[in-house]
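Accompanying notes for the structure given below.
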Amino acid sequence: PASAGFLGRGFRPETASARAAMYADAAALLRRSPWLGQGGDTWRHAFRSIQSLPYVGSEVHSGYLDLALDLGLVGLAFALLWLGALAIPLLRARSALLPPYLALLLHSAVDFDLSYGLVWLLLLSAAAIGIAEAREDRLRFPTGPTLASGGPLPDAAWFLPWLVRGAFAVVAAMLLLLSVSGYREAESQRLHRQALALPPQAKREAAELLQRSLTLSPYRTAARLALAKRSAPQEVASLLRAGLRYEPERSELWLALGRALAREGDPAAAEALRRSVELDRYDRVKQTMALRELSQLAQSLRASGHLRQAEAAASTGADLYADYSRLAEAIAGAPALRNDRAFLLTAEAMELGRQLQQQSHPLTRNALK
């Protein structure tokens, strides 16, 4: 609470446990691709698949860890060298902006300051002022007239205009490509929003808009999931599998695929549902939903005469329930641990778990009768 003051808020046991777990999870995630990273927003998209406590944190609470996850240790090294180089003019000029510049850099190690564009603007502004303060000795050609004076350049710098023009041409080409990509992304978002704004009876029109959105941006998972709800049953599985090529660790895609396969009575649903839980094990809703789908799948397979497959589906559900109950018990037994996601064992899951355990062991079920 706000009344606890800075020390009370910052040093609560659950806060410390969440930070420690978050940094350990980030280190584990970094080991997957330590040198070159995994691309932008790695933590936001992947932390649920590796989190060791049910904390809520779409930011890793360390700007440097976030850079390492996105760009790898190589990218982090370049960023640190660049930030350090920007501090040199401030140090040489003994600028009053050096302490706040260093304070921002130090605080970024334990919070997500670098996720805000304003913080980068403050860092760059401070560095620019420091460079301006020392510009007499730093920004003047050592000999000969300058380019601004209209006179000839020094012999050693005859290539500079061509180099500058070439650099600008490369940057212009890159910006042109980015603008095309940005236009496609913006149009995809517009079509997605337009489809969601349609009334429920306009199912066909919404599906067409969502399909166009995916054509422009095939990795837009939210649009793919919305389209799956509006597609024919025989098309849903292939649509969702196509999405897994772009985001193979997206729990929502695996869950939707598992539900679609379960409705078709496909035993492959068990593996998809198991995978969805593995990728987000601290979500009690997904855990319960997976158990519900597996129970219904086992009953459907048994009714159609596929007894072995029914028992296998029930066995998968029983194993998931055992893991779920152990995890919930561990969290409930340690109240000092952070539980932002209110993770617990639901009453429905307990009933489903009992049914699945009986269905996976026919002899035990018969004995209970």
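Here, A, B, ... name the chains of the structure tokens in the order displayed, residue numbers run from 1 inside each chain, and ligands are numbered from 1 in the same displayed order.
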Task: Shell around region 44-51 of chain A at 7 Å using only C-alpha atoms, local window under 5 positions removed, as an MDAnalysis selection string - done: chainID A and resid 25 58:59 278:280
Task: Contacts of region 263-273 of chain A at 10 Å (only C-alpha atoms; same-chain gap of 5+ positions) as a PyMOL selection string - done: chain A and resi 233-234+237+251-258+278+286-287+289-291+293-294+296-301+304+306+309-310+312-317+320
- [ ] May I ask which of the residues A:Ala20, A:Leu105, A:Ala206, A:Ala186 is the closest one to Lys229 (chain A), counting only C-alpha atoms?
- [x]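 Using only C-alpha atoms, the shortest distance to Lys229 (chain A) belongs to A:Ala206.
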Open item on the list: Between CA of Pro89 (chain A) and CA of Phe168 (chain A), what is the distance in Å, rounded to a tenth?
Closed with: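 Atom-to-atom, CA of Pro89 (chain A) to CA of Phe168 (chain A), that is 25.9 Å.
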Quick one: contact table of region 217-287 of chain A to region 342-353 of chain A, 9 Å max, nearest atom pair and distance in Å to one decimal per residue, counting only C-alpha atoms, chain and number order, as a tab-separated table?
residue	atom	partner	partner_atom	distance
A:Tyr282	CA	A:Phe343	CA	6.0
A:Asp283	CA	A:Phe343	CA	6.6
A:Arg284	CA	A:Phe343	CA	5.8
A:Val285	CA	A:Thr346	CA	8.6
A:Gln287	CA	A:Ala349	CA	7.8
- [ ] Might you pull out every residue within 8 Å of Tyr64 (chain A), with only C-alpha atoms counted and same-chain residues fewer than 6 positions away left off, and present them as an MDAnalysis selection string?
- [x] chainID A and resid 76 108:109
- [ ] Report the distance between CA of Leu53 (chain A) and CA of Pro34 (chain A) in Å, rounded to one decimal place.
- [x]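 So the two atoms, CA of Leu53 (chain A) and CA of Pro34 (chain A), lie 22.8 Å apart.
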Task: Residue with smallest distance to Leu239 (chain A) - pool A:Arg302, A:Arg224, A:Arg212, A:Arg193, counting only C-alpha atoms - done: A:Arg224
Open item on the list: So, with only C-alpha atoms as the atoms that count, which of A:Arg220, A:Lys203, A:Arg308, A:Arg275 lies closest to Arg184 (chain A)?
Closed with: A:Arg220
TODO: Assign secondary structure with DSSP using the backbone only, and return the residues of region 26-137 of chain A in alpha helix (DSSP H) as a ChimeraX atom specification.
DONE: /A:26-30,42-50,63-92,98-107,117-133,135-137
